[in-house]
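A short write-up of the structure that comes next.
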Amino acid sequence: MTTATPEGGPGAVTREATGQSGMAWWAAGLAMGMANAVRHRLRGYRTPRPFTTDEVGRSVDYVLGVVDQWLKDGDLDVDGRRILELGPGPDLGTGAVLLSRGAASYAAADRFPLATGTNPAFYEELGRRLGHEVEKDRIGYHVTSFPAMPDVSGPFDLVVSNAALEHFDDVTATFARLAELVVPGGVMCHHIDGMVHMRGIRQRDPLNMLRYPGWLYRVMSFPGIPNRLRAGDFLAAATATGWDARLVPVLVARPDYIEWVRPGLSRAYRDAEDLELLTFTLVATR
């Protein structure tokens, strides 16, 4: 199965598509990773997407696509649901869309205050698309610490996230905390991006971040760096904390890419059985 992510991810990735040796991509990823580490350590983590809300039309398309992905993958009905989103990023547009589609309430929790400087034109255009003004007073926003989320109180019927959990330091503890916040029978639906986040490398060597041993990856670290967990790790974390969970593949690499890249990965990942799942959705019921 190969489909696009909400942001229009790459198609199937092959060795021929990379056009260079594994060592070349190892060096390129290391150079870009070190540059990212310096930049984010100096400026803070500010750019979770490859575009800002100043690109109004693109940003509106993005949040509409994210909600559609959740509803499809999770087979969700949000009508009357109390919803919590983790890591919404530079805007709270997904909350506006969910409220427009019948959610009873919406709150967002993030580690960084990324949504405090959203371009007002984004909300104006989103309201035009939705057919009514965005109700900002109904959107809760908490800048908090994870996994405890001390500022967040439930109960919630649904927890969602998009391209966020791959940045969390302790996914198991986060799922345990969500189990406390969600009502019995509640659902969580997380779209997870298991690809390298470095532009220019992402489409050609999507598992590039798995090439490096742990000590070297720590050298490249910064707050918000991807945690390198694979699909099976997220599934195991959900199961261990009492969730009935399943995975929905979204973007899957072709076998020839996996065959080519596997020998060049760090030893911790060479024998992984789920490398082909580049992006996926975790759907779990409490």
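Note on naming: chains are A, B, ... as they come in the structure tokens, residues start from 1 per chain, ligands start from 1 in the order shown.
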
Name all residues at most 12 Å from Glu55 (chain A) (count only C-alpha atoms; drop same-chain ones fewer than 3 positions away) and give them as a list in words.
->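 My reading of the contact set: Arg49, Pro50, Phe51, Thr52, Arg58, Ser59, Val60, Asp61, Tyr62, Pro90, Thr118, Asn119, Pro120, Ala121, Phe122, Tyr123 and Glu125 of chain A.
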
All strand (DSSP E) positions in region 144-192 of chain A, as a PDB file with all heavy atoms, in the first residue's frame:
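Now in selection_24.pdb:
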```pdb
ATOM      1  N   PHE A 156     -11.655  13.214  28.279  1.00  0.00           N
ATOM      2  CA  PHE A 156     -11.744  13.351  26.840  1.00  0.00           C
ATOM      3  C   PHE A 156     -12.285  12.054  26.245  1.00  0.00           C
ATOM      4  O   PHE A 156     -12.097  10.971  26.795  1.00  0.00           O
ATOM      5  CB  PHE A 156     -10.371  13.657  26.240  1.00  0.00           C
ATOM      6  CG  PHE A 156      -9.780  14.956  26.701  1.00  0.00           C
ATOM      7  CD1 PHE A 156      -8.824  14.980  27.711  1.00  0.00           C
ATOM      8  CD2 PHE A 156     -10.182  16.157  26.142  1.00  0.00           C
ATOM      9  CE1 PHE A 156      -8.277  16.176  28.148  1.00  0.00           C
ATOM     10  CE2 PHE A 156      -9.646  17.361  26.569  1.00  0.00           C
ATOM     11  CZ  PHE A 156      -8.693  17.372  27.582  1.00  0.00           C
ATOM     12  N   ASP A 157     -12.939  12.206  25.116  1.00  0.00           N
ATOM     13  CA  ASP A 157     -13.433  11.043  24.379  1.00  0.00           C
ATOM     14  C   ASP A 157     -12.467  10.618  23.287  1.00  0.00           C
ATOM     15  O   ASP A 157     -12.479   9.455  22.862  1.00  0.00           O
ATOM     16  CB  ASP A 157     -14.785  11.363  23.725  1.00  0.00           C
ATOM     17  CG  ASP A 157     -15.805  11.869  24.723  1.00  0.00           C
ATOM     18  OD1 ASP A 157     -16.198  11.090  25.604  1.00  0.00           O
ATOM     19  OD2 ASP A 157     -16.196  13.055  24.622  1.00  0.00           O
ATOM     20  N   LEU A 158     -11.655  11.571  22.834  1.00  0.00           N
ATOM     21  CA  LEU A 158     -10.773  11.318  21.698  1.00  0.00           C
ATOM     22  C   LEU A 158      -9.492  12.123  21.853  1.00  0.00           C
ATOM     23  O   LEU A 158      -9.537  13.308  22.190  1.00  0.00           O
ATOM     24  CB  LEU A 158     -11.485  11.706  20.394  1.00  0.00           C
ATOM     25  CG  LEU A 158     -10.692  11.665  19.089  1.00  0.00           C
ATOM     26  CD1 LEU A 158     -10.222  10.251  18.773  1.00  0.00           C
ATOM     27  CD2 LEU A 158     -11.532  12.216  17.931  1.00  0.00           C
ATOM     28  N   VAL A 159      -8.363  11.468  21.610  1.00  0.00           N
ATOM     29  CA  VAL A 159      -7.060  12.142  21.576  1.00  0.00           C
ATOM     30  C   VAL A 159      -6.462  11.935  20.197  1.00  0.00           C
ATOM     31  O   VAL A 159      -6.457  10.813  19.675  1.00  0.00           O
ATOM     32  CB  VAL A 159      -6.100  11.582  22.639  1.00  0.00           C
ATOM     33  CG1 VAL A 159      -4.757  12.307  22.573  1.00  0.00           C
ATOM     34  CG2 VAL A 159      -6.701  11.723  24.033  1.00  0.00           C
ATOM     35  N   VAL A 160      -5.962  13.006  19.603  1.00  0.00           N
ATOM     36  CA  VAL A 160      -5.378  12.926  18.263  1.00  0.00           C
ATOM     37  C   VAL A 160      -4.019  13.615  18.241  1.00  0.00           C
ATOM     38  O   VAL A 160      -3.712  14.446  19.101  1.00  0.00           O
ATOM     39  CB  VAL A 160      -6.302  13.580  17.207  1.00  0.00           C
ATOM     40  CG1 VAL A 160      -7.616  12.822  17.073  1.00  0.00           C
ATOM     41  CG2 VAL A 160      -6.568  15.052  17.555  1.00  0.00           C
ATOM     42  N   SER A 161      -3.221  13.253  17.257  1.00  0.00           N
ATOM     43  CA  SER A 161      -1.986  13.981  16.996  1.00  0.00           C
ATOM     44  C   SER A 161      -1.578  13.720  15.562  1.00  0.00           C
ATOM     45  O   SER A 161      -1.969  12.713  14.962  1.00  0.00           O
ATOM     46  CB  SER A 161      -0.863  13.562  17.955  1.00  0.00           C
ATOM     47  OG  SER A 161      -0.392  12.260  17.656  1.00  0.00           O
ATOM     48  N   ASN A 162      -0.798  14.626  15.022  1.00  0.00           N
ATOM     49  CA  ASN A 162      -0.293  14.480  13.655  1.00  0.00           C
ATOM     50  C   ASN A 162       1.178  14.844  13.617  1.00  0.00           C
ATOM     51  O   ASN A 162       1.550  15.968  13.958  1.00  0.00           O
ATOM     52  CB  ASN A 162      -1.069  15.381  12.689  1.00  0.00           C
ATOM     53  CG  ASN A 162      -0.529  15.274  11.274  1.00  0.00           C
ATOM     54  OD1 ASN A 162      -0.674  14.245  10.613  1.00  0.00           O
ATOM     55  ND2 ASN A 162       0.124  16.332  10.802  1.00  0.00           N
ATOM     56  N   VAL A 182      -8.631   9.810  29.332  1.00  0.00           N
ATOM     57  CA  VAL A 182      -9.666   9.383  28.380  1.00  0.00           C
ATOM     58  C   VAL A 182     -10.695   8.509  29.083  1.00  0.00           C
ATOM     59  O   VAL A 182     -10.369   7.674  29.927  1.00  0.00           O
ATOM     60  CB  VAL A 182      -9.020   8.618  27.212  1.00  0.00           C
ATOM     61  CG1 VAL A 182     -10.061   7.962  26.336  1.00  0.00           C
ATOM     62  CG2 VAL A 182      -8.156   9.569  26.385  1.00  0.00           C
ATOM     63  N   VAL A 183     -11.955   8.698  28.722  1.00  0.00           N
ATOM     64  CA  VAL A 183     -13.036   7.908  29.317  1.00  0.00           C
ATOM     65  C   VAL A 183     -12.964   6.460  28.816  1.00  0.00           C
ATOM     66  O   VAL A 183     -12.399   6.195  27.753  1.00  0.00           O
ATOM     67  CB  VAL A 183     -14.415   8.501  28.952  1.00  0.00           C
ATOM     68  CG1 VAL A 183     -14.554   9.914  29.502  1.00  0.00           C
ATOM     69  CG2 VAL A 183     -14.636   8.496  27.437  1.00  0.00           C
ATOM     70  N   PRO A 184     -13.526   5.512  29.578  1.00  0.00           N
ATOM     71  CA  PRO A 184     -13.592   4.134  29.074  1.00  0.00           C
ATOM     72  C   PRO A 184     -14.291   4.090  27.721  1.00  0.00           C
ATOM     73  O   PRO A 184     -15.334   4.729  27.525  1.00  0.00           O
ATOM     74  CB  PRO A 184     -14.415   3.413  30.148  1.00  0.00           C
ATOM     75  CG  PRO A 184     -14.164   4.205  31.399  1.00  0.00           C
ATOM     76  CD  PRO A 184     -14.058   5.634  30.947  1.00  0.00           C
ATOM     77  N   GLY A 185     -13.707   3.381  26.788  1.00  0.00           N
ATOM     78  CA  GLY A 185     -14.239   3.344  25.436  1.00  0.00           C
ATOM     79  C   GLY A 185     -13.734   4.474  24.563  1.00  0.00           C
ATOM     80  O   GLY A 185     -14.047   4.530  23.368  1.00  0.00           O
ATOM     81  N   GLY A 186     -12.943   5.375  25.159  1.00  0.00           N
ATOM     82  CA  GLY A 186     -12.378   6.476  24.387  1.00  0.00           C
ATOM     83  C   GLY A 186     -11.319   5.990  23.419  1.00  0.00           C
ATOM     84  O   GLY A 186     -10.817   4.868  23.508  1.00  0.00           O
ATOM     85  N   VAL A 187     -10.968   6.864  22.483  1.00  0.00           N
ATOM     86  CA  VAL A 187     -10.094   6.482  21.368  1.00  0.00           C
ATOM     87  C   VAL A 187      -8.943   7.470  21.255  1.00  0.00           C
ATOM     88  O   VAL A 187      -9.096   8.664  21.557  1.00  0.00           O
ATOM     89  CB  VAL A 187     -10.888   6.455  20.048  1.00  0.00           C
ATOM     90  CG1 VAL A 187      -9.980   6.168  18.857  1.00  0.00           C
ATOM     91  CG2 VAL A 187     -12.013   5.430  20.121  1.00  0.00           C
ATOM     92  N   MET A 188      -7.790   6.965  20.836  1.00  0.00           N
ATOM     93  CA  MET A 188      -6.738   7.871  20.387  1.00  0.00           C
ATOM     94  C   MET A 188      -6.334   7.488  18.973  1.00  0.00           C
ATOM     95  O   MET A 188      -6.341   6.307  18.604  1.00  0.00           O
ATOM     96  CB  MET A 188      -5.537   7.881  21.338  1.00  0.00           C
ATOM     97  CG  MET A 188      -4.809   6.594  21.563  1.00  0.00           C
ATOM     98  SD  MET A 188      -3.413   6.863  22.735  1.00  0.00           S
ATOM     99  CE  MET A 188      -2.646   5.241  22.696  1.00  0.00           C
ATOM    100  N   CYS A 189      -6.019   8.515  18.180  1.00  0.00           N
ATOM    101  CA  CYS A 189      -5.692   8.331  16.768  1.00  0.00           C
ATOM    102  C   CYS A 189      -4.492   9.230  16.450  1.00  0.00           C
ATOM    103  O   CYS A 189      -4.622  10.452  16.423  1.00  0.00           O
ATOM    104  CB  CYS A 189      -6.901   8.703  15.900  1.00  0.00           C
ATOM    105  SG  CYS A 189      -6.659   8.457  14.129  1.00  0.00           S
ATOM    106  N   HIS A 190      -3.352   8.598  16.265  1.00  0.00           N
ATOM    107  CA  HIS A 190      -2.103   9.338  16.074  1.00  0.00           C
ATOM    108  C   HIS A 190      -1.502   9.028  14.707  1.00  0.00           C
ATOM    109  O   HIS A 190      -1.149   7.875  14.434  1.00  0.00           O
ATOM    110  CB  HIS A 190      -1.090   8.952  17.154  1.00  0.00           C
ATOM    111  CG  HIS A 190      -1.569   9.163  18.554  1.00  0.00           C
ATOM    112  ND1 HIS A 190      -1.710  10.417  19.109  1.00  0.00           N
ATOM    113  CD2 HIS A 190      -1.942   8.260  19.514  1.00  0.00           C
ATOM    114  CE1 HIS A 190      -2.134  10.285  20.361  1.00  0.00           C
ATOM    115  NE2 HIS A 190      -2.285   8.991  20.628  1.00  0.00           N
ATOM    116  N   HIS A 191      -1.377  10.048  13.864  1.00  0.00           N
ATOM    117  CA  HIS A 191      -0.647   9.877  12.613  1.00  0.00           C
ATOM    118  C   HIS A 191       0.820  10.144  12.910  1.00  0.00           C
ATOM    119  O   HIS A 191       1.178  11.207  13.445  1.00  0.00           O
ATOM    120  CB  HIS A 191      -1.149  10.833  11.533  1.00  0.00           C
ATOM    121  CG  HIS A 191      -0.426  10.648  10.231  1.00  0.00           C
ATOM    122  ND1 HIS A 191      -0.571   9.525   9.465  1.00  0.00           N
ATOM    123  CD2 HIS A 191       0.476  11.418   9.597  1.00  0.00           C
ATOM    124  CE1 HIS A 191       0.194   9.615   8.397  1.00  0.00           C
ATOM    125  NE2 HIS A 191       0.850  10.764   8.456  1.00  0.00           N
ATOM    126  N   ILE A 192       1.674   9.183  12.597  1.00  0.00           N
ATOM    127  CA  ILE A 192       3.081   9.228  12.997  1.00  0.00           C
ATOM    128  C   ILE A 192       3.963   9.199  11.757  1.00  0.00           C
ATOM    129  O   ILE A 192       3.772   8.370  10.864  1.00  0.00           O
ATOM    130  CB  ILE A 192       3.402   8.043  13.928  1.00  0.00           C
ATOM    131  CG1 ILE A 192       2.537   8.143  15.200  1.00  0.00           C
ATOM    132  CG2 ILE A 192       4.881   8.017  14.278  1.00  0.00           C
ATOM    133  CD1 ILE A 192       2.521   6.879  16.038  1.00  0.00           C
TER     134      ILE A 192
END
```

Find the residue from A:Ala108, A:Val143, A:Met34, A:Leu277 that sits nearest to Gly194 (chain A); use only C-alpha atoms when measuring.
-> A:Leu277

Neighbours of region 19-28 of chain A within 10 Å (only C-alpha atoms; same-chain residues fewer than 5 positions away dropped), as an MDAnalysis selection string?
-> chainID A and resid 14 33 200:201 204:205 208:212 260:265

Members of region 34-261 of chain A assigned helix (DSSP H, G or I) by DSSP, as a ChimeraX atom specification = /A:34-43,56-74,93-100,114-117,120-130,136-138,165-167,171-181,208-211,214-219,231-240,255-261

Tell me, as a compact mmCIF listing (two decimals) with C-alpha atoms, in the first residue's frame, which residues lie within 10 Å of Ser145 (chain A), counting only C-alpha atoms; anything in the same chain fewer than 6 positions away does not count.
```
# COMPACT_ATOMS: atom_id res chain seq x y z
CA ALA A 109 -1.29 20.57 24.46
CA ASP A 110 2.22 21.33 23.23
CA ARG A 111 5.72 21.51 24.66
CA PHE A 112 6.57 24.63 22.67
CA ASP A 151 -2.11 21.69 32.99
CA VAL A 152 -4.44 19.31 31.15
```

Here CA of Val219 (chain A) and CA of Val38 (chain A) stand apart by 10.3 Å

Could you work out how far CA of Leu275 (chain A) lies from CA of Val196 (chain A), giving the answer in Å with one decimal?
-> 12.4 Å

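Remark: for Phe175 (chain A), the closest of the candidate residues A:Met220, A:Arg228, A:Thr241, A:Met195 is A:Thr241 (distances computed over only C-alpha atoms).
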
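Picture a line from CA of Ala240 (chain A) to CA of Gly95 (chain A); it runs 29.0 Å.
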
Write out as number ranges by chain each polymer residue whose atoms come within 12 Å of Gly131 (chain A), counting only C-alpha atoms; drop sequence neighbours fewer than 5 positions from it.
-> A: 96-97, 100-101, 123-126

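Contact shell of Leu235 (chain A) at 12 Å (only C-alpha atoms; same-chain neighbours under 3 positions omitted): Val171, Thr172, Phe175, Cys189, His190, Ile192, Leu229, Arg230, Ala231, Gly232, Ala238, Thr239, Ala240, Thr241, Gly242, Trp243, Asp244, Ala245, Arg246, Leu247, Val248, Asp274, Phe280, Thr281, Leu282, Val283 and Ala284 of chain A.
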
Counting only C-alpha atoms, the residue of A:Leu130, A:Leu278, A:Val250, A:Ala103 that sits nearest Gln69 (chain A) |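 Using only C-alpha atoms, the shortest distance to Gln69 (chain A) belongs to A:Val250.
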
Might you pull out every residue within 8 Å of Phe168 (chain A), with only C-alpha atoms counted and same-chain residues fewer than 5 positions away left off, and present them as a tab-separated table (two decimals) with N, CA, C and O atoms, in the first residue's frame?
```
chain	number	residue	atom	x	y	z
A	146	PHE	N	5.62	17.20	29.14
A	146	PHE	CA	5.21	15.83	28.85
A	146	PHE	C	6.18	14.87	29.55
A	146	PHE	O	7.34	15.19	29.72
A	224	GLY	N	13.10	18.20	20.58
A	224	GLY	CA	12.19	17.97	19.47
A	224	GLY	C	12.74	17.08	18.39
A	224	GLY	O	12.04	16.79	17.41
A	226	PRO	N	13.49	13.81	16.29
A	226	PRO	CA	12.74	12.55	16.22
A	226	PRO	C	13.37	11.46	17.10
A	226	PRO	O	14.59	11.35	17.20
A	227	ASN	N	12.50	10.67	17.74
A	227	ASN	CA	12.96	9.66	18.69
A	227	ASN	C	13.40	8.35	18.04
A	227	ASN	O	13.91	7.47	18.72
```
